[in-house]
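See below for the structure under consideration.
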Amino acid sequence: MKIGILGGTFNPVHFGHLRIAEEARTDFDLDKVLFIPCHIPPHKNHRQVLAPQPRVEMLKLAIKDNPFFEISDIELNRKGKSYLIETLHELIVLHGSSAELFFIMGSDSFIEIGAWREYQKLFYLTNFIVVTRPGFAEELSGHFALNSLPVDISDDFCYDSQPCSILHSSGFKTHLVKTTLLEISSTDLRQKVLKGKSIKYLIPCEVEKFIKETELYKTKI
């Protein structure tokens, strides 16, 4: 089974998240994509993150019509700061070593992966689908991927036969993919709600309705 993983605060979930997950699913023939809301993000101000329950409710509304999308609460149940290395180990136990994992992330996060906990070990556990940012077509190359890696692990990689992929010594690959990136920011969405501006067509209508009915983001967190 091929499983995609999309983590984040989803505060709130928006069409950018959903489109990235869908294109990764179809491009790599994934059997499903797990949306994994974090408990406490290690690299963000956690005081600005909404409590888990409404974030999960918004995710449920957003993905309910896609049978290939699922929500995993493993990071919420683990509590504390949410580290990918721990999540991957749990997923391997849950789904078995035969499951092939694909972690979906933005290129802006990939170039900072050296700051992640036990980042050297991540490449032994999962493939990476690195989504490039709008206007950065030059990132679509194995050369960019190799140059973005921390120096201490760069020798563990080589160019793959695919021009936009690199191969780790473990056999796992890092793929750079151009998707229909929608420049939608959860931070910007929260600011719009706070200022009474419209967020229509930026998030699923049922998520928008939920935010209105529960008056989320009406005050600064």
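Within each chain, counting starts at residue 1; across the structure tokens, chains are named A, B, ... in the order shown, with ligands numbered 1 upward in that order.
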Would you list, as an mmCIF file with N, CA and C atoms, in the first residue's frame, the residues of range 12-180 of chain A that end up in strand (DSSP E) under DSSP run on this structure's backbone?
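Writing done, so here's states.cif:
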```
data_model
loop_
_atom_site.group_PDB
_atom_site.id
_atom_site.type_symbol
_atom_site.label_atom_id
_atom_site.label_comp_id
_atom_site.auth_asym_id
_atom_site.auth_seq_id
_atom_site.Cartn_x
_atom_site.Cartn_y
_atom_site.Cartn_z
ATOM 1 N N LYS A 32 -4.019 6.111 -0.497
ATOM 2 C CA LYS A 32 -4.727 7.078 0.336
ATOM 3 C C LYS A 32 -3.753 8.149 0.807
ATOM 4 N N VAL A 33 -4.327 9.258 1.265
ATOM 5 C CA VAL A 33 -3.529 10.329 1.854
ATOM 6 C C VAL A 33 -4.037 10.566 3.267
ATOM 7 N N LEU A 34 -3.121 10.523 4.226
ATOM 8 C CA LEU A 34 -3.458 10.788 5.616
ATOM 9 C C LEU A 34 -3.205 12.266 5.931
ATOM 10 N N PHE A 35 -4.222 12.944 6.414
ATOM 11 C CA PHE A 35 -4.065 14.294 6.929
ATOM 12 C C PHE A 35 -3.798 14.167 8.423
ATOM 13 N N ILE A 36 -2.645 14.641 8.862
ATOM 14 C CA ILE A 36 -2.247 14.450 10.257
ATOM 15 C C ILE A 36 -2.105 15.813 10.940
ATOM 16 N N PRO A 37 -3.152 16.255 11.640
ATOM 17 C CA PRO A 37 -3.032 17.524 12.371
ATOM 18 C C PRO A 37 -2.074 17.371 13.549
ATOM 19 N N PHE A 69 -9.055 10.220 1.097
ATOM 20 C CA PHE A 69 -8.507 11.067 2.158
ATOM 21 C C PHE A 69 -8.965 10.561 3.518
ATOM 22 N N GLU A 70 -8.031 10.527 4.476
ATOM 23 C CA GLU A 70 -8.347 10.121 5.844
ATOM 24 C C GLU A 70 -7.655 11.064 6.828
ATOM 25 N N ILE A 71 -8.177 11.105 8.035
ATOM 26 C CA ILE A 71 -7.558 11.878 9.115
ATOM 27 C C ILE A 71 -6.925 10.908 10.094
ATOM 28 N N GLU A 100 4.407 1.652 1.792
ATOM 29 C CA GLU A 100 5.360 2.625 1.261
ATOM 30 C C GLU A 100 4.838 4.024 1.568
ATOM 31 N N LEU A 101 5.619 4.787 2.330
ATOM 32 C CA LEU A 101 5.185 6.095 2.788
ATOM 33 C C LEU A 101 5.735 7.205 1.898
ATOM 34 N N PHE A 102 4.920 8.246 1.709
ATOM 35 C CA PHE A 102 5.300 9.419 0.922
ATOM 36 C C PHE A 102 4.927 10.667 1.727
ATOM 37 N N PHE A 103 5.924 11.352 2.236
ATOM 38 C CA PHE A 103 5.661 12.554 3.015
ATOM 39 C C PHE A 103 5.625 13.762 2.091
ATOM 40 N N ILE A 104 4.522 14.495 2.133
ATOM 41 C CA ILE A 104 4.289 15.631 1.244
ATOM 42 C C ILE A 104 4.636 16.916 1.980
ATOM 43 N N MET A 105 5.489 17.736 1.366
ATOM 44 C CA MET A 105 5.904 18.975 2.017
ATOM 45 C C MET A 105 6.242 20.028 0.978
ATOM 46 N N GLY A 106 6.304 21.281 1.402
ATOM 47 C CA GLY A 106 6.686 22.364 0.519
ATOM 48 C C GLY A 106 8.189 22.503 0.419
ATOM 49 N N ASN A 127 9.622 8.139 1.542
ATOM 50 C CA ASN A 127 9.889 8.947 0.363
ATOM 51 C C ASN A 127 9.389 10.363 0.649
ATOM 52 N N PHE A 128 9.905 11.329 -0.088
ATOM 53 C CA PHE A 128 9.442 12.702 0.052
ATOM 54 C C PHE A 128 8.860 13.188 -1.277
ATOM 55 N N ILE A 129 7.743 13.860 -1.195
ATOM 56 C CA ILE A 129 7.180 14.582 -2.336
ATOM 57 C C ILE A 129 7.293 16.062 -1.984
ATOM 58 N N VAL A 130 8.227 16.735 -2.626
ATOM 59 C CA VAL A 130 8.501 18.137 -2.317
ATOM 60 C C VAL A 130 7.810 19.007 -3.357
ATOM 61 N N VAL A 131 6.864 19.789 -2.890
ATOM 62 C CA VAL A 131 6.054 20.625 -3.771
ATOM 63 C C VAL A 131 6.707 22.002 -3.901
ATOM 64 N N PHE A 157 23.150 10.693 -1.027
ATOM 65 C CA PHE A 157 22.226 10.812 -2.143
ATOM 66 C C PHE A 157 22.959 10.809 -3.476
ATOM 67 N N CYS A 158 22.226 10.418 -4.506
ATOM 68 C CA CYS A 158 22.734 10.531 -5.869
ATOM 69 C C CYS A 158 21.581 10.904 -6.781
ATOM 70 N N TYR A 159 21.887 11.324 -7.983
ATOM 71 C CA TYR A 159 20.835 11.670 -8.932
ATOM 72 C C TYR A 159 20.095 10.410 -9.354
ATOM 73 N N SER A 165 14.206 13.976 -9.335
ATOM 74 C CA SER A 165 14.251 13.102 -8.171
ATOM 75 C C SER A 165 15.701 12.830 -7.780
ATOM 76 N N ILE A 166 15.900 12.578 -6.504
ATOM 77 C CA ILE A 166 17.198 12.110 -6.029
ATOM 78 C C ILE A 166 16.968 10.839 -5.223
ATOM 79 N N LEU A 167 17.971 9.981 -5.195
ATOM 80 C CA LEU A 167 17.873 8.668 -4.572
ATOM 81 C C LEU A 167 18.754 8.608 -3.337
ATOM 82 N N HIS A 168 18.166 8.187 -2.219
ATOM 83 C CA HIS A 168 18.917 8.004 -0.979
ATOM 84 C C HIS A 168 19.508 6.604 -0.957
ATOM 85 N N LYS A 173 13.221 7.737 -2.194
ATOM 86 C CA LYS A 173 13.460 8.840 -3.122
ATOM 87 C C LYS A 173 12.860 10.141 -2.614
ATOM 88 N N THR A 174 13.441 11.228 -3.073
ATOM 89 C CA THR A 174 12.881 12.555 -2.869
ATOM 90 C C THR A 174 12.512 13.104 -4.232
ATOM 91 N N HIS A 175 11.230 13.379 -4.414
ATOM 92 C CA HIS A 175 10.710 13.853 -5.696
ATOM 93 C C HIS A 175 10.351 15.330 -5.589
ATOM 94 N N LEU A 176 10.741 16.114 -6.577
ATOM 95 C CA LEU A 176 10.310 17.498 -6.660
ATOM 96 C C LEU A 176 9.197 17.589 -7.684
ATOM 97 N N VAL A 177 8.078 18.155 -7.271
ATOM 98 C CA VAL A 177 6.874 18.121 -8.089
ATOM 99 C C VAL A 177 6.277 19.514 -8.220
#
```
Sorted by chain and rising residue number, which residues of range 43-86 of chain A lie within 9 Å of range 6-29 of chain A, and what are their closest atom pairs and distances in Å to one decimal, counting only C-alpha atoms, as a tab-separated table?
```
residue	atom	partner	partner_atom	distance
A:Val49	CA	A:Asn11	CA	6.7
A:Leu50	CA	A:Asn11	CA	6.5
A:Pro52	CA	A:Thr9	CA	8.8
A:Pro54	CA	A:Asn11	CA	9.0
A:Arg55	CA	A:Asn11	CA	6.2
A:Val56	CA	A:Phe10	CA	8.3
A:Met58	CA	A:Val13	CA	6.8
A:Leu59	CA	A:Val13	CA	6.3
A:Ala62	CA	A:Val13	CA	7.4
A:Ile63	CA	A:Leu18	CA	7.9
A:Phe68	CA	A:Arg25	CA	8.3
A:Phe69	CA	A:Ala21	CA	8.4
A:Leu84	CA	A:Gly7	CA	8.7
```
Only N, CA, C and O atoms, please: the residues just picked out, written as a tab-separated table (two decimals), in the first residue's frame.
```
chain	number	residue	atom	x	y	z
A	49	VAL	N	-2.12	28.51	17.65
A	49	VAL	CA	-2.76	27.33	17.08
A	49	VAL	C	-4.04	27.02	17.84
A	49	VAL	O	-4.06	26.93	19.07
A	50	LEU	N	-5.11	26.86	17.07
A	50	LEU	CA	-6.41	26.55	17.64
A	50	LEU	C	-6.37	25.18	18.33
A	50	LEU	O	-5.55	24.33	17.99
A	52	PRO	N	-7.26	21.33	19.22
A	52	PRO	CA	-7.40	20.24	18.24
A	52	PRO	C	-8.81	19.99	17.72
A	52	PRO	O	-9.01	19.78	16.53
A	54	PRO	N	-11.73	21.70	17.04
A	54	PRO	CA	-12.28	22.40	15.87
A	54	PRO	C	-11.43	22.22	14.62
A	54	PRO	O	-11.98	22.20	13.51
A	55	ARG	N	-10.14	22.04	14.76
A	55	ARG	CA	-9.30	21.80	13.58
A	55	ARG	C	-9.64	20.46	12.94
A	55	ARG	O	-9.69	20.34	11.71
A	56	VAL	N	-9.88	19.46	13.78
A	56	VAL	CA	-10.27	18.14	13.27
A	56	VAL	C	-11.66	18.21	12.63
A	56	VAL	O	-11.89	17.61	11.57
A	58	MET	N	-13.04	20.73	11.15
A	58	MET	CA	-12.92	21.38	9.84
A	58	MET	C	-12.32	20.43	8.82
A	58	MET	O	-12.74	20.40	7.66
A	59	LEU	N	-11.35	19.63	9.23
A	59	LEU	CA	-10.77	18.64	8.32
A	59	LEU	C	-11.81	17.61	7.89
A	59	LEU	O	-11.88	17.24	6.71
A	62	ALA	N	-13.91	19.07	5.28
A	62	ALA	CA	-13.18	19.35	4.05
A	62	ALA	C	-12.95	18.11	3.20
A	62	ALA	O	-12.94	18.18	1.96
A	63	ILE	N	-12.75	16.95	3.83
A	63	ILE	CA	-12.35	15.76	3.08
A	63	ILE	C	-13.46	14.72	2.94
A	63	ILE	O	-13.24	13.66	2.35
A	68	PHE	N	-10.42	8.80	-0.73
A	68	PHE	CA	-9.00	8.50	-0.61
A	68	PHE	C	-8.33	9.30	0.50
A	68	PHE	O	-7.16	9.09	0.79
A	69	PHE	N	-9.05	10.22	1.10
A	69	PHE	CA	-8.51	11.07	2.16
A	69	PHE	C	-8.96	10.56	3.52
A	69	PHE	O	-10.14	10.23	3.71
A	84	LEU	N	8.10	14.57	13.20
A	84	LEU	CA	7.87	13.63	12.10
A	84	LEU	C	8.52	12.29	12.36
A	84	LEU	O	7.94	11.25	12.04
```
If DSSP is run on the backbone, what residues of chain A are helix (DSSP H, G or I)? A reply as a PyMOL selection string would be ideal.
chain A and resi 15-27+46-48+52-63+74-78+84-95+107-110+113-115+119-122+137-139+142-148+151-156+186-194+205-214
Of A:Ser72, A:Ala115, A:Lys209, A:Phe110, the one nearest to His43 in chain A when counting only C-alpha atoms is A:Ala115
Distance criterion (only C-alpha atoms): nearest to Leu146 in chain A out of A:Ile85, A:Pro204, A:Ile111, A:Gln120:
A:Ile111
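One finds CA of Lys81 in chain A at 4.5 Å from CA of Ile40 in chain A.
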Nearby residues (only C-alpha atoms) at most 9 Å from Pro42 in chain A, same-chain spacing under 4 positions excluded, as a ChimeraX atom specification:
/A:46,81-83,116
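The space between CA of Thr87 in chain A and CA of Leu61 in chain A spans 23.7 Å.
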To one decimal place in Å, what is the distance between CA of Asn147 in chain A and CA of Arg117 in chain A?
20.0 Å
